[in-house]
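Trainee: One structure is given below, represented as structure tokens, and several questions about it will come after.
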Amino acid sequence: MFWCDGSSFGNPGTTGFGFVIRDHVCQVIGVLSGGLGIATNYIAENYALLCAVGLAGEWGLQNIILCSDSKTVIEDFARDQVPWFIIMRWQKATSKVSSIIFQHNPREVNFYADTAAKQGTRLAAGERQMILGRPNFLPRVEMPDVTYYRFCYGVYFCLI
């Protein structure tokens, strides 16, 4: 499961993207943040999904879930209405995975991905930062060793 987000300080402004990768029991297995330079928030949201699928393909993951708080982006990708500026890269990335489930999340649930995206705004255009495991900038908001779930919109969200 890839929890994706884009961030922009100004619109257009300094942008970044980020995503948090969780395994089948919702444990954080990694975080990727990336800098995009000057762009719009919409572009950052799109690049978050694109780069998540690209990494899934590199890792050999076949069945993934892409989550984002951008309803427009999730709906567009689910309908295969990928923006023209990334269509070729999207087709190449998706050729390496078997299935993608697109899931819109409320903004309140996507706060870890938001934090990762804000980290991306501090990076230079094209720069990426990959951290395996839970990085220090993702605070724990729960008790250690306890799994928390929230039921919302017909899907459960793990809040670890």
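Letters for chains follow the order of the structure tokens (A, B, ...), residue numbers begin at 1 for each chain, and ligand numbers begin at 1 in the order shown.
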With a distance cut-off of 10 Å and only C-alpha atoms, select the neighbouring residues of Lys92 (chain A), excluding the residue or stretch itself and same-chain residues fewer than 5 positions from it, and output the selection as a PyMOL selection string.
Mentor: chain A and resi 53-54+57+87+97
Trainee: Would you write out those residues with N, CA, C and O atoms, as an mmCIF file, in the first residue's frame?
Mentor:
data_model
loop_
_atom_site.group_PDB
_atom_site.id
_atom_site.type_symbol
_atom_site.label_atom_id
_atom_site.label_comp_id
_atom_site.auth_asym_id
_atom_site.auth_seq_id
_atom_site.Cartn_x
_atom_site.Cartn_y
_atom_site.Cartn_z
ATOM 1 N N VAL A 53 4.287 3.867 -8.266
ATOM 2 C CA VAL A 53 4.169 2.709 -9.153
ATOM 3 C C VAL A 53 5.541 2.329 -9.713
ATOM 4 O O VAL A 53 5.872 1.148 -9.830
ATOM 5 N N GLY A 54 6.358 3.322 -10.019
ATOM 6 C CA GLY A 54 7.707 3.040 -10.491
ATOM 7 C C GLY A 54 8.520 2.250 -9.476
ATOM 8 O O GLY A 54 9.201 1.276 -9.828
ATOM 9 N N GLY A 57 7.306 -1.361 -9.200
ATOM 10 C CA GLY A 57 7.859 -2.171 -10.286
ATOM 11 C C GLY A 57 9.311 -2.548 -10.037
ATOM 12 O O GLY A 57 9.717 -3.692 -10.276
ATOM 13 N N ILE A 87 2.083 10.492 -19.256
ATOM 14 C CA ILE A 87 1.436 9.299 -19.801
ATOM 15 C C ILE A 87 2.436 8.220 -20.216
ATOM 16 O O ILE A 87 2.240 7.029 -19.911
ATOM 17 N N VAL A 97 3.627 -3.988 -13.089
ATOM 18 C CA VAL A 97 2.773 -4.454 -11.992
ATOM 19 C C VAL A 97 1.528 -5.108 -12.579
ATOM 20 O O VAL A 97 1.109 -4.780 -13.683
#
Trainee: DSSP on the backbone, strand (DSSP E) only: what residues of chain A does that give? Format it as a ChimeraX atom specification.
Mentor: /A:2-10,13-22,28-39,63-68,99-104,128-132,149-152,155-158
Trainee: Write the residues of the selection above to a file with C-alpha atoms, as a PDB file, in the first residue's frame.
Mentor:
ATOM      1  CA  PHE A   2       1.404   3.363  -1.050  1.00  0.00           C
ATOM      2  CA  TRP A   3       0.019   6.429   0.757  1.00  0.00           C
ATOM      3  CA  CYS A   4       0.827   9.282  -1.646  1.00  0.00           C
ATOM      4  CA  ASP A   5       0.722  13.075  -1.446  1.00  0.00           C
ATOM      5  CA  GLY A   6       2.052  16.172  -3.144  1.00  0.00           C
ATOM      6  CA  SER A   7       2.964  19.457  -1.494  1.00  0.00           C
ATOM      7  CA  SER A   8       3.417  22.975  -2.783  1.00  0.00           C
ATOM      8  CA  PHE A   9       4.489  26.154  -1.030  1.00  0.00           C
ATOM      9  CA  GLY A  10       2.716  28.551  -3.370  1.00  0.00           C
ATOM     10  CA  GLY A  13       5.624  27.240  -5.959  1.00  0.00           C
ATOM     11  CA  THR A  14       8.289  24.981  -4.529  1.00  0.00           C
ATOM     12  CA  THR A  15       6.876  21.473  -4.779  1.00  0.00           C
ATOM     13  CA  GLY A  16       7.638  17.997  -3.622  1.00  0.00           C
ATOM     14  CA  PHE A  17       5.957  14.664  -3.347  1.00  0.00           C
ATOM     15  CA  GLY A  18       6.166  11.793  -0.954  1.00  0.00           C
ATOM     16  CA  PHE A  19       4.706   8.450  -0.164  1.00  0.00           C
ATOM     17  CA  VAL A  20       4.728   6.024   2.711  1.00  0.00           C
ATOM     18  CA  ILE A  21       4.973   2.330   1.871  1.00  0.00           C
ATOM     19  CA  ARG A  22       3.172  -0.113   4.147  1.00  0.00           C
ATOM     20  CA  VAL A  28       5.813   1.221   7.575  1.00  0.00           C
ATOM     21  CA  ILE A  29       8.480  -0.381   5.398  1.00  0.00           C
ATOM     22  CA  GLY A  30       9.754   2.784   3.793  1.00  0.00           C
ATOM     23  CA  VAL A  31       9.255   6.399   2.810  1.00  0.00           C
ATOM     24  CA  LEU A  32      10.261   8.175  -0.372  1.00  0.00           C
ATOM     25  CA  SER A  33      10.336  11.956  -0.736  1.00  0.00           C
ATOM     26  CA  GLY A  34      11.194  13.803  -3.927  1.00  0.00           C
ATOM     27  CA  GLY A  35      11.764  17.375  -5.026  1.00  0.00           C
ATOM     28  CA  LEU A  36      10.150  18.777  -8.160  1.00  0.00           C
ATOM     29  CA  GLY A  37      11.265  22.402  -8.174  1.00  0.00           C
ATOM     30  CA  ILE A  38       8.708  25.041  -9.176  1.00  0.00           C
ATOM     31  CA  ALA A  39       5.382  23.488 -10.186  1.00  0.00           C
ATOM     32  CA  ASN A  63      -0.536  -6.071  -6.591  1.00  0.00           C
ATOM     33  CA  ILE A  64      -0.562  -2.610  -5.063  1.00  0.00           C
ATOM     34  CA  ILE A  65      -2.953  -0.092  -3.585  1.00  0.00           C
ATOM     35  CA  LEU A  66      -2.404   3.602  -4.307  1.00  0.00           C
ATOM     36  CA  CYS A  67      -3.963   5.953  -1.757  1.00  0.00           C
ATOM     37  CA  SER A  68      -4.209   9.726  -2.054  1.00  0.00           C
ATOM     38  CA  SER A  99      -2.947  -4.781 -10.576  1.00  0.00           C
ATOM     39  CA  ILE A 100      -3.515  -1.397  -9.003  1.00  0.00           C
ATOM     40  CA  ILE A 101      -6.363  -0.448  -6.704  1.00  0.00           C
ATOM     41  CA  PHE A 102      -6.954   3.302  -6.473  1.00  0.00           C
ATOM     42  CA  GLN A 103      -8.267   4.569  -3.167  1.00  0.00           C
ATOM     43  CA  HIS A 104      -9.230   8.073  -2.114  1.00  0.00           C
ATOM     44  CA  ARG A 128      15.014  11.759  -4.062  1.00  0.00           C
ATOM     45  CA  GLN A 129      15.367  10.584  -0.488  1.00  0.00           C
ATOM     46  CA  MET A 130      14.512   6.952   0.292  1.00  0.00           C
ATOM     47  CA  ILE A 131      14.401   5.773   3.871  1.00  0.00           C
ATOM     48  CA  LEU A 132      13.752   2.136   4.721  1.00  0.00           C
ATOM     49  CA  TYR A 149      -7.689   0.608  12.498  1.00  0.00           C
ATOM     50  CA  ARG A 150     -10.236   3.155  11.363  1.00  0.00           C
ATOM     51  CA  PHE A 151     -13.220   2.170   9.255  1.00  0.00           C
ATOM     52  CA  CYS A 152     -14.068   4.831   6.701  1.00  0.00           C
ATOM     53  CA  VAL A 155     -12.376   0.449   3.613  1.00  0.00           C
ATOM     54  CA  TYR A 156     -10.238   0.085   6.714  1.00  0.00           C
ATOM     55  CA  PHE A 157      -7.266   2.336   7.280  1.00  0.00           C
ATOM     56  CA  CYS A 158      -4.401   1.300   9.455  1.00  0.00           C
TER      57      CYS A 158
END
Trainee: Record the distance separating CA of Leu50 (chain A) and CA of Trp90 (chain A), expressed in Å with one decimal.
Mentor: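 Taking CA of Leu50 (chain A) and CA of Trp90 (chain A), their separation equals 6.0 Å.
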Trainee: From chain A, collect each residue whose DSSP state is alpha helix (DSSP H) and return the set as a PyMOL selection string.
Mentor: chain A and resi 41-59+71-78+87-94+111-120
Trainee: Residues of the last selection are to be written out with C-alpha atoms, as a PDB file, in the first residue's frame.
Mentor:
ATOM      1  CA  ASN A  41       0.295  21.072  -6.389  1.00  0.00           C
ATOM      2  CA  TYR A  42      -1.627  19.130  -9.060  1.00  0.00           C
ATOM      3  CA  ILE A  43       1.645  18.159 -10.739  1.00  0.00           C
ATOM      4  CA  ALA A  44       3.101  17.078  -7.386  1.00  0.00           C
ATOM      5  CA  GLU A  45       0.052  14.881  -6.658  1.00  0.00           C
ATOM      6  CA  ASN A  46       0.444  13.180 -10.048  1.00  0.00           C
ATOM      7  CA  TYR A  47       4.168  12.559  -9.615  1.00  0.00           C
ATOM      8  CA  ALA A  48       3.543  10.956  -6.224  1.00  0.00           C
ATOM      9  CA  LEU A  49       1.418   8.232  -7.838  1.00  0.00           C
ATOM     10  CA  LEU A  50       3.766   7.848 -10.796  1.00  0.00           C
ATOM     11  CA  CYS A  51       6.849   7.413  -8.617  1.00  0.00           C
ATOM     12  CA  ALA A  52       5.039   5.023  -6.254  1.00  0.00           C
ATOM     13  CA  VAL A  53       4.169   2.709  -9.153  1.00  0.00           C
ATOM     14  CA  GLY A  54       7.707   3.040 -10.491  1.00  0.00           C
ATOM     15  CA  LEU A  55       9.159   1.926  -7.166  1.00  0.00           C
ATOM     16  CA  ALA A  56       6.646  -0.928  -6.902  1.00  0.00           C
ATOM     17  CA  GLY A  57       7.859  -2.171 -10.286  1.00  0.00           C
ATOM     18  CA  GLU A  58      11.508  -1.891  -9.232  1.00  0.00           C
ATOM     19  CA  TRP A  59      10.775  -3.910  -6.087  1.00  0.00           C
ATOM     20  CA  LYS A  71      -9.891  12.834  -5.224  1.00  0.00           C
ATOM     21  CA  THR A  72      -9.398  14.349  -8.684  1.00  0.00           C
ATOM     22  CA  VAL A  73      -6.073  12.597  -9.243  1.00  0.00           C
ATOM     23  CA  ILE A  74      -7.307   9.228  -7.923  1.00  0.00           C
ATOM     24  CA  GLU A  75     -10.447   9.359 -10.073  1.00  0.00           C
ATOM     25  CA  ASP A  76      -8.486  10.378 -13.180  1.00  0.00           C
ATOM     26  CA  PHE A  77      -5.943   7.568 -12.782  1.00  0.00           C
ATOM     27  CA  ALA A  78      -8.669   5.003 -11.994  1.00  0.00           C
ATOM     28  CA  ILE A  87       1.436   9.299 -19.801  1.00  0.00           C
ATOM     29  CA  MET A  88       4.476   7.561 -21.338  1.00  0.00           C
ATOM     30  CA  ARG A  89       6.217   7.159 -17.981  1.00  0.00           C
ATOM     31  CA  TRP A  90       2.945   5.902 -16.444  1.00  0.00           C
ATOM     32  CA  GLN A  91       2.510   3.252 -19.145  1.00  0.00           C
ATOM     33  CA  LYS A  92       6.080   2.053 -18.660  1.00  0.00           C
ATOM     34  CA  ALA A  93       5.709   1.919 -14.858  1.00  0.00           C
ATOM     35  CA  THR A  94       2.351   0.119 -14.900  1.00  0.00           C
ATOM     36  CA  PHE A 111      -0.975  12.924   7.350  1.00  0.00           C
ATOM     37  CA  TYR A 112       2.104  10.671   7.103  1.00  0.00           C
ATOM     38  CA  ALA A 113       2.197  11.051   3.323  1.00  0.00           C
ATOM     39  CA  ASP A 114       1.698  14.802   3.762  1.00  0.00           C
ATOM     40  CA  THR A 115       4.750  14.903   6.028  1.00  0.00           C
ATOM     41  CA  ALA A 116       6.784  12.950   3.449  1.00  0.00           C
ATOM     42  CA  ALA A 117       5.656  15.344   0.680  1.00  0.00           C
ATOM     43  CA  LYS A 118       6.669  18.373   2.743  1.00  0.00           C
ATOM     44  CA  GLN A 119      10.101  16.760   3.157  1.00  0.00           C
ATOM     45  CA  GLY A 120      10.218  16.601  -0.641  1.00  0.00           C
TER      46      GLY A 120
END
